[in-house]
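This is my_file27.cif (mmCIF, C-alpha atoms).
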```
data_my_file
#
loop_
_atom_site.label_atom_id
_atom_site.label_comp_id
_atom_site.auth_asym_id
_atom_site.auth_seq_id
_atom_site.Cartn_x
_atom_site.Cartn_y
_atom_site.Cartn_z
CA MET A 1 -19.61 6.98 38.11
CA SER A 2 -20.17 10.60 37.01
CA HIS A 3 -18.19 12.12 34.15
CA GLY A 4 -18.14 15.72 32.91
CA LEU A 5 -18.44 15.04 29.21
CA SER A 6 -17.21 17.86 26.96
CA PRO A 7 -19.13 18.80 23.79
CA THR A 8 -16.28 17.34 21.73
CA GLY A 9 -16.42 14.11 23.69
CA ALA A 10 -20.20 14.08 23.33
CA ARG A 11 -19.88 14.50 19.55
CA ILE A 12 -17.47 11.58 19.33
CA LEU A 13 -19.65 9.31 21.44
CA ASN A 14 -22.83 10.42 19.67
CA THR A 15 -21.38 9.61 16.23
CA ASN A 16 -21.08 5.92 16.98
CA ASP A 17 -21.72 2.82 14.93
CA ASP A 18 -22.98 0.14 17.32
CA GLY A 19 -20.74 1.66 19.95
CA VAL A 20 -17.64 1.96 17.74
CA VAL A 21 -16.25 5.50 17.63
CA ALA A 22 -13.37 7.32 15.95
CA GLY A 23 -11.93 10.79 16.28
CA HIS A 24 -8.88 12.89 17.08
CA ALA A 25 -6.23 10.94 18.97
CA ALA A 26 -6.06 13.42 21.88
CA ALA A 27 -9.83 13.40 22.35
CA LEU A 28 -9.94 9.60 22.24
CA ALA A 29 -7.09 9.42 24.74
CA LYS A 30 -9.08 11.62 27.15
CA LEU A 31 -12.18 9.47 26.73
CA GLU A 32 -10.11 6.32 27.27
CA ALA A 33 -8.48 7.77 30.38
CA ASP A 34 -11.97 8.51 31.74
CA GLY A 35 -13.00 4.91 31.12
CA LEU A 36 -15.61 5.88 28.50
CA VAL A 37 -14.02 4.00 25.58
CA VAL A 38 -11.55 1.17 25.08
CA PRO A 39 -9.52 0.24 21.97
CA HIS A 40 -11.65 -1.68 19.50
CA ASP A 41 -10.27 -5.23 18.94
CA GLY A 42 -6.71 -3.97 19.28
CA ASP A 43 -7.41 -1.40 16.54
CA GLY A 44 -5.41 1.78 17.13
CA GLY A 45 -7.79 3.92 15.06
CA THR A 46 -11.22 3.09 16.51
CA HIS A 47 -12.55 2.61 20.03
CA ARG A 48 -15.62 0.96 21.54
CA MET A 49 -17.81 2.68 24.11
CA THR A 50 -17.96 1.18 27.58
CA GLU A 51 -21.05 1.05 29.77
CA ASP A 52 -19.77 4.21 31.45
CA GLY A 53 -19.50 5.78 28.00
CA TRP A 54 -23.14 5.07 27.20
CA GLU A 55 -24.18 6.39 30.62
CA ALA A 56 -22.11 9.56 30.19
CA LEU A 57 -23.66 10.23 26.77
CA ASP A 58 -27.17 9.69 28.13
CA ALA A 59 -26.40 12.01 31.05
CA TRP A 60 -25.07 14.69 28.67
CA ARG A 61 -28.23 14.48 26.58
CA GLN A 62 -30.45 14.77 29.66
CA ALA A 63 -28.44 17.74 30.96
CA ASN A 64 -28.60 19.44 27.56
CA PRO A 65 -32.19 18.98 26.36
CA GLY A 66 -32.73 20.11 22.78
CA ARG A 67 -29.00 20.57 22.26
CA SER A 68 -27.08 18.35 19.84
CA PRO A 69 -23.40 17.56 20.24
CA LEU A 70 -21.06 19.65 18.11
CA PRO A 71 -21.50 19.12 14.36
CA GLU A 72 -18.83 17.42 12.32
CA LEU A 73 -15.70 19.52 12.02
CA PRO A 74 -15.14 21.12 8.60
CA GLY A 75 -13.13 18.90 6.31
CA VAL A 76 -13.78 15.69 8.25
CA PRO A 77 -15.51 13.13 6.03
CA PRO A 78 -18.73 11.55 7.32
CA LYS A 79 -18.21 8.36 9.30
CA LEU A 80 -18.81 5.24 7.23
CA PRO A 81 -20.81 2.26 8.46
CA ALA A 82 -18.76 -0.12 10.58
CA ARG A 83 -17.63 -2.65 7.96
CA GLN A 84 -16.81 -0.02 5.36
CA HIS A 85 -14.94 2.00 7.97
CA ASP A 86 -12.96 -1.07 9.04
CA ALA A 87 -12.19 -1.96 5.42
CA VAL A 88 -10.67 1.46 4.68
CA LEU A 89 -8.65 1.50 7.89
CA THR A 90 -7.45 -2.07 7.35
CA ALA A 91 -6.17 -1.16 3.88
CA ALA A 92 -4.50 1.97 5.23
CA ARG A 93 -2.43 -0.15 7.63
CA ARG A 94 -1.20 -2.50 4.88
CA PRO A 95 1.96 -1.62 2.94
CA ASP A 96 0.22 -2.42 -0.35
CA GLN A 97 -2.96 -0.53 0.65
CA ASN A 98 -5.03 -3.37 -0.75
CA VAL A 99 -8.53 -3.85 0.65
CA PRO A 100 -8.55 -7.56 1.49
CA GLY A 101 -11.37 -9.56 -0.08
CA ARG A 102 -11.89 -13.27 -0.57
CA ASP A 103 -9.14 -13.38 -3.22
CA ASP A 104 -6.54 -11.79 -0.93
CA PRO A 105 -3.91 -13.88 0.89
CA ALA A 106 -5.38 -12.52 4.13
CA TYR A 107 -8.44 -14.70 3.56
CA TRP A 108 -6.38 -17.89 3.42
CA ALA A 109 -4.23 -16.81 6.36
CA GLY A 110 -7.28 -16.39 8.56
CA GLU A 111 -6.79 -12.62 8.80
CA ILE A 112 -9.41 -9.92 8.45
CA TRP A 113 -11.13 -9.69 5.05
CA PHE A 114 -14.31 -8.14 3.67
CA ARG A 115 -17.24 -9.37 1.64
CA SER A 116 -18.18 -8.21 -1.84
CA SER A 117 -20.97 -6.00 -0.51
CA THR A 118 -18.44 -3.95 1.48
CA LEU A 119 -15.97 -3.75 -1.41
CA ARG A 120 -18.74 -2.64 -3.73
CA LYS A 121 -19.75 0.21 -1.44
CA ILE A 122 -16.29 1.67 -0.84
CA ALA A 123 -15.54 1.44 -4.57
CA ALA A 124 -18.79 3.23 -5.37
CA ILE A 125 -17.93 6.21 -3.17
CA GLY A 126 -14.39 6.46 -4.56
CA TYR A 127 -12.47 5.41 -1.45
CA ALA A 128 -10.88 2.52 -3.35
CA ALA A 129 -10.40 1.61 -7.00
CA ILE A 130 -9.05 -1.10 -9.27
CA ARG A 131 -5.91 -0.95 -11.38
CA PRO A 132 -6.19 -0.95 -15.19
CA GLU A 133 -5.32 -3.87 -17.44
CA PRO A 134 -3.99 -3.53 -21.02
CA TYR A 135 -6.99 -5.34 -22.46
CA ASP A 136 -9.57 -3.00 -20.90
CA GLN A 137 -11.87 -1.48 -23.47
CA GLY A 138 -12.29 1.90 -21.84
CA PRO A 139 -12.81 2.54 -18.12
CA ALA A 140 -13.45 -0.60 -16.08
CA THR A 141 -15.21 -0.90 -12.74
CA TRP A 142 -14.97 -3.24 -9.77
CA GLU A 143 -18.50 -4.43 -10.55
CA GLU A 144 -17.36 -5.59 -13.99
CA THR A 145 -14.00 -7.09 -13.06
CA GLY A 146 -13.90 -8.07 -9.39
CA ARG A 147 -10.22 -7.07 -9.29
CA SER A 148 -8.42 -6.19 -6.09
CA LEU A 149 -9.25 -2.78 -4.67
CA TYR A 150 -6.62 -0.30 -3.56
CA LEU A 151 -7.08 2.87 -1.52
CA THR A 152 -7.36 6.12 -3.44
CA GLU A 153 -6.13 9.42 -2.06
CA VAL A 154 -9.70 10.06 -0.89
CA GLY A 155 -9.59 6.77 1.02
CA ARG A 156 -6.24 7.64 2.55
CA GLU A 157 -7.59 11.01 3.66
CA TYR A 158 -10.52 9.26 5.33
CA ALA A 159 -8.07 6.98 7.17
CA ARG A 160 -6.05 9.99 8.32
CA GLN A 161 -9.10 11.91 9.52
CA ARG A 162 -11.27 9.11 10.85
CA GLY A 163 -8.67 6.57 11.91
CA ASN A 164 -5.77 8.83 12.92
CA ILE A 165 -3.51 6.73 10.67
CA ASP A 166 -0.44 8.39 9.16
CA VAL A 167 -0.98 6.87 5.74
CA ARG A 168 0.74 8.26 2.65
CA ARG A 169 1.35 7.16 -0.90
CA ARG A 170 2.91 3.72 -1.16
CA ARG A 171 6.70 3.70 -1.19
CA VAL A 172 7.77 1.48 -4.09
CA VAL A 173 11.35 0.47 -4.89
CA VAL A 174 12.37 -0.90 -8.29
CA ILE A 175 15.78 -2.52 -8.60
CA ALA A 176 17.67 -3.61 -11.70
CA CYS A 177 18.08 -7.31 -12.39
CA GLY A 178 21.52 -8.89 -12.69
CA GLU A 179 23.52 -10.92 -15.17
CA LYS A 180 24.63 -13.56 -12.67
CA LYS A 181 21.84 -15.99 -11.83
CA LEU A 182 21.22 -19.35 -10.21
CA PRO A 183 21.79 -22.36 -12.49
CA ASP A 184 19.04 -23.77 -14.70
CA PRO A 185 16.81 -25.92 -12.44
CA GLY A 186 16.56 -28.63 -15.10
CA VAL A 187 13.56 -30.87 -15.70
CA ASP A 188 11.36 -33.17 -13.64
CA GLU A 189 11.09 -36.97 -13.96
CA TYR A 190 8.82 -36.56 -16.96
CA GLY A 191 11.14 -34.23 -18.82
CA HIS A 192 9.10 -31.11 -18.10
CA PRO A 193 11.07 -27.94 -17.26
CA LEU A 194 10.97 -27.12 -13.57
CA PRO A 195 9.35 -23.75 -12.81
CA GLY A 196 12.45 -21.91 -11.67
CA TYR A 197 13.13 -19.68 -8.68
CA PRO A 198 11.39 -16.74 -6.99
CA ALA A 199 12.63 -13.58 -8.67
CA GLY A 200 13.92 -12.35 -5.32
CA GLU A 201 16.32 -15.31 -5.18
CA LEU A 202 17.26 -15.73 -8.85
CA TYR A 203 19.88 -12.99 -9.16
CA ILE A 204 23.00 -13.69 -7.14
CA GLY A 205 25.54 -11.11 -8.32
CA ASP A 206 27.16 -8.83 -5.73
CA TYR A 207 25.86 -5.66 -7.41
CA HIS A 208 22.27 -6.87 -7.50
CA ARG A 209 22.47 -8.11 -3.91
CA SER A 210 23.63 -4.68 -2.78
CA LEU A 211 20.66 -3.09 -4.54
CA ARG A 212 18.36 -5.58 -2.89
CA GLY A 213 19.82 -4.91 0.55
CA ALA A 214 19.08 -1.21 0.20
CA ALA A 215 15.59 -1.94 -1.12
CA ASP A 216 14.81 -4.14 1.88
CA ALA A 217 15.78 -1.27 4.17
CA LEU A 218 13.73 1.25 2.20
CA THR A 219 10.34 -0.45 2.03
CA ASP A 220 8.25 -3.57 2.55
CA GLN A 221 9.06 -6.57 0.34
CA LYS A 222 5.57 -6.41 -1.16
CA LEU A 223 6.54 -3.07 -2.65
CA ILE A 224 9.86 -4.16 -4.21
CA PHE A 225 9.90 -5.01 -7.91
CA ILE A 226 12.72 -6.16 -10.14
CA ALA A 227 13.22 -4.59 -13.56
CA SER A 228 13.98 -7.64 -15.67
CA ALA A 229 15.43 -7.21 -19.15
CA LEU A 230 13.18 -10.04 -20.34
CA HIS A 231 10.07 -9.86 -18.17
CA GLY A 232 9.77 -6.21 -17.17
CA LEU A 233 8.54 -5.33 -13.67
CA VAL A 234 8.20 -8.47 -11.57
CA PRO A 235 7.43 -8.99 -7.85
CA LEU A 236 9.93 -10.83 -5.69
CA GLY A 237 7.77 -13.93 -5.44
CA ARG A 238 7.21 -14.54 -9.16
CA LEU A 239 8.86 -17.74 -10.38
CA LEU A 240 11.43 -17.19 -13.14
CA ARG A 241 13.78 -19.48 -14.99
CA PRO A 242 17.32 -18.25 -15.68
CA TYR A 243 17.64 -16.34 -18.96
CA ASP A 244 20.36 -14.63 -20.98
CA VAL A 245 18.82 -11.40 -22.27
CA THR A 246 19.98 -7.79 -22.07
CA LEU A 247 18.13 -4.58 -22.88
CA ARG A 248 19.88 -4.50 -26.28
CA ASP A 249 18.49 -7.88 -27.39
CA GLU A 250 15.48 -8.34 -29.66
CA ARG A 251 13.74 -10.35 -26.93
CA ALA A 252 14.12 -7.55 -24.39
CA VAL A 253 11.04 -6.11 -22.72
CA THR A 254 9.44 -3.25 -24.65
CA PRO A 255 8.62 0.23 -23.30
CA GLU A 256 4.96 -0.53 -24.08
CA LYS A 257 4.99 -3.56 -21.78
CA ILE A 258 6.69 -1.53 -19.05
CA GLY A 259 3.96 1.07 -19.49
CA TRP A 260 1.03 -1.25 -18.85
CA GLN A 261 2.88 -3.00 -16.03
CA ALA A 262 3.48 0.35 -14.33
CA ALA A 263 -0.21 1.23 -14.73
CA ARG A 264 -1.28 -2.15 -13.37
CA LEU A 265 0.96 -1.65 -10.32
CA GLY A 266 -0.44 1.84 -9.78
CA LEU A 267 2.97 3.51 -9.89
CA ASP A 268 1.28 6.79 -10.80
CA ASP A 269 -0.07 6.76 -7.22
CA ALA A 270 3.21 5.88 -5.49
CA ASP A 271 6.53 7.44 -4.59
CA VAL A 272 9.07 5.42 -6.56
CA VAL A 273 12.81 4.99 -5.95
CA PHE A 274 14.86 3.19 -8.60
CA LEU A 275 18.16 1.51 -7.77
CA GLY A 276 20.26 0.53 -10.76
CA GLY A 277 21.97 1.76 -13.90
CA GLN A 278 20.93 4.56 -16.22
CA ASP A 279 19.89 2.21 -19.04
CA TYR A 280 17.12 0.74 -16.88
CA ALA A 281 16.17 4.17 -15.55
CA ALA A 282 15.76 5.40 -19.13
CA LEU A 283 13.49 2.43 -19.87
CA LEU A 284 11.27 3.23 -16.87
CA LEU A 285 11.08 7.02 -17.07
CA PRO A 286 8.51 7.32 -19.89
CA SER A 287 6.05 5.32 -17.80
CA VAL A 288 7.15 6.60 -14.37
CA PRO A 289 8.24 10.21 -14.97
CA HIS A 290 8.44 10.89 -11.22
CA LEU A 291 11.02 8.10 -10.77
CA TYR A 292 13.80 9.08 -8.37
CA ALA A 293 17.14 7.43 -9.15
CA PRO A 294 19.62 8.42 -6.41
CA LEU A 295 22.58 6.22 -7.39
CA ALA A 296 25.49 7.72 -9.34
CA GLY A 297 28.94 6.68 -10.48
CA GLY A 298 30.27 3.20 -11.19
CA MET A 299 29.08 -0.03 -9.66
CA GLY A 300 31.50 0.29 -6.75
CA ASP A 301 30.26 3.80 -5.96
CA GLN A 302 26.66 2.64 -6.19
CA ARG A 303 27.28 -0.29 -3.87
CA GLY A 304 28.72 2.17 -1.35
CA GLN A 305 25.65 4.38 -1.64
CA CYS A 306 23.42 1.33 -1.10
CA ALA A 307 25.42 0.38 1.99
CA ARG A 308 24.93 3.86 3.43
CA ALA A 309 21.21 3.67 2.75
CA ARG A 310 21.01 0.33 4.55
CA GLU A 311 22.77 1.71 7.59
CA ASP A 312 21.43 5.27 7.80
CA ALA A 313 17.73 6.01 8.22
CA ASP A 314 18.38 9.69 7.46
CA VAL A 315 19.68 8.77 4.00
CA ARG A 316 16.60 6.65 3.34
CA GLU A 317 14.23 9.37 4.48
CA ALA A 318 16.03 11.96 2.34
CA TRP A 319 15.54 9.72 -0.70
CA TRP A 320 11.84 9.35 0.03
CA LYS A 321 11.39 13.09 0.46
CA LYS A 322 12.94 13.66 -2.96
CA ALA A 323 10.79 10.91 -4.49
CA ALA A 324 7.66 12.50 -2.98
CA ALA A 325 8.67 15.95 -4.26
CA LEU A 326 9.14 14.56 -7.77
CA HIS A 327 5.71 12.93 -7.64
CA ASP A 328 4.09 16.19 -6.53
CA GLU A 329 5.96 18.15 -9.20
CA HIS A 330 4.78 15.89 -12.02
CA ALA A 331 1.23 15.65 -10.64
CA ALA A 332 0.98 19.45 -10.72
CA ARG A 333 1.83 19.65 -14.43
#
```

structure tokens encoding of this file:
Amino acid sequence: MSHGLSPTGARILNTNDDGVVAGHAAALAKLEADGLVVPHDGDGGTHRMTEDGWEALDAWRQANPGRSPLPELPGVPPKLPARQHDAVLTAARRPDQNVPGRDDPAYWAGEIWFRSSTLRKIAAIGYAAIRPEPYDQGPATWEETGRSLYLTEVGREYARQRGNIDVRRRRVVVIACGEKKLPDPGVDEYGHPLPGYPAGELYIGDYHRSLRGAADALTDQKLIFIASALHGLVPLGRLLRPYDVTLRDERAVTPEKIGWQAARLGLDDADVVFLGGQDYAALLLPSVPHLYAPLAGGMGDQRGQCARAREDADVREAWWKKAAALHDEHAAR
């Protein structure tokens, strides 16, 4: 079959990694319609050249001796080798933007993951980075720690340009804990305290449940954290025993602990919506100055606002736009 390959199509096919190509969505759609590429393993961002694609590229080269396909467009980052490219695009499609390695749940679930050599390379070029820990003595690297890698803004830009993925900063929701909790789970047959309940199930008050309902509508559960008066910022799956502590108690979480938890979660590189009362917002603001807290009024008013957010996508998107604007405003200072 003969195909009239455009210079842009020739550039895309010429910049291949073992037949895997990436490029602008419209150009890829044209190549796919012509039968020159097919989606790569169900991946929406990369395609694989067909036999016709190889033949069309060879024909273009023969018809244009001494002429190279168009150079890379300005602002488009160079294409990474296949595994590094796949690692960045895989992370860009995950809500947590984590690059899955052997220590990621994806490994145990039989999903795609990447070896240390790939993680090392994308960390070295700045496309992904680790989160800090409070005990770090100065800057830490992936080589030293082996911690999970998360996409940086440079990595997200690569995914947008090279994978045609509409990836943005993570959208994190923090919700206040609640006074009403499940009963103490008791002890086991040996008298040892049972571990407790997942944080996402522990709090059973109507106010907290309304906050949680709105949070579930706003973002992925992996990006929801509970602001606990005792424990600070906790993920929904962390096991907690019931406790009786308020922010006014001596045992309450300190602003310092909130600070290193926020750093560890990378909240500086996220749009953050907080749902809860002003006392918790005041605790979080020193560490997350771009925090957007849309709720106002008494608990009844706030429950109504949460209900509207659950039901109305426009309300949710308006909140995220304000959260993003706050992030940009503080980042520019």

For this file, the PyMOL selection byres ((chain A and resi 178) around 7) selects which residues, as a PyMOL selection string? chain A and resi 176-177+179-180+203+205+208

Quick one: apply the PyMOL selection byres ((chain A and resi 216) around 12) to the file and drop the selected residues here as number ranges by chain. A: 171-175, 200, 209-215, 217-225, 236, 275, 306-307, 309-311, 316

Set out as CSV a contact list for range 277-333 of chain A and range 243-258 of chain A with a cut-off of 12 Å, giving each residue of range 277-333 of chain A that qualifies its closest atom pair and distance in Å to one decimal, counting all atoms listed in the file, ordered by chain and rising residue number.
```
residue,atom,partner,partner_atom,distance
A:Gly277,CA,A:Leu247,CA,11.6
A:Gln278,CA,A:Leu247,CA,11.7
A:Asp279,CA,A:Leu247,CA,8.0
A:Tyr280,CA,A:Leu247,CA,8.1
A:Ala281,CA,A:Pro255,CA,11.5
A:Ala282,CA,A:Pro255,CA,9.8
A:Leu283,CA,A:Pro255,CA,6.3
A:Leu284,CA,A:Ile258,CA,7.0
A:Leu285,CA,A:Pro255,CA,9.5
A:Pro286,CA,A:Pro255,CA,7.9
A:Ser287,CA,A:Ile258,CA,7.0
A:Val288,CA,A:Ile258,CA,9.4
```

Selection result for the PyMOL selection byres ((chain A and resi 97) around 12) on this file, as an MDAnalysis selection string: chainID A and resid 87:96 98:100 104 127:130 148:153 155:156 159 167:172 220 222:223 265:266 269:270

As lines of an AutoDock Vina configuration file, please: the centre and edge lengths in Å, to one decimal, of an axis-aligned box enclosing every listed atom of range 50-66 of chain A with 8 Å added on each side.
```
center_x = -25.3
center_y = 10.6
center_z = 27.1
size_x = 30.8
size_y = 35.1
size_z = 24.7
```

Determine the nearest neighbour of Leu326 in chain A from the options A:Leu36, A:Ile165, A:Val272, A:Leu202, counting all atoms listed in the file.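 With all atoms listed in the file as the atom set, the closest residue is A:Val272.
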
Could you check the closest approach to Ala331 in chain A for each of A:Glu189, A:Asp184, A:Glu133, A:Asp268 and tell me which residue wins, using all atoms listed in the file? A:Asp268

d(CA of Ala140 in chain A, CA of Glu111 in chain A) in Å: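 Result for CA of Ala140 in chain A versus CA of Glu111 in chain A: 28.4 Å, one decimal.
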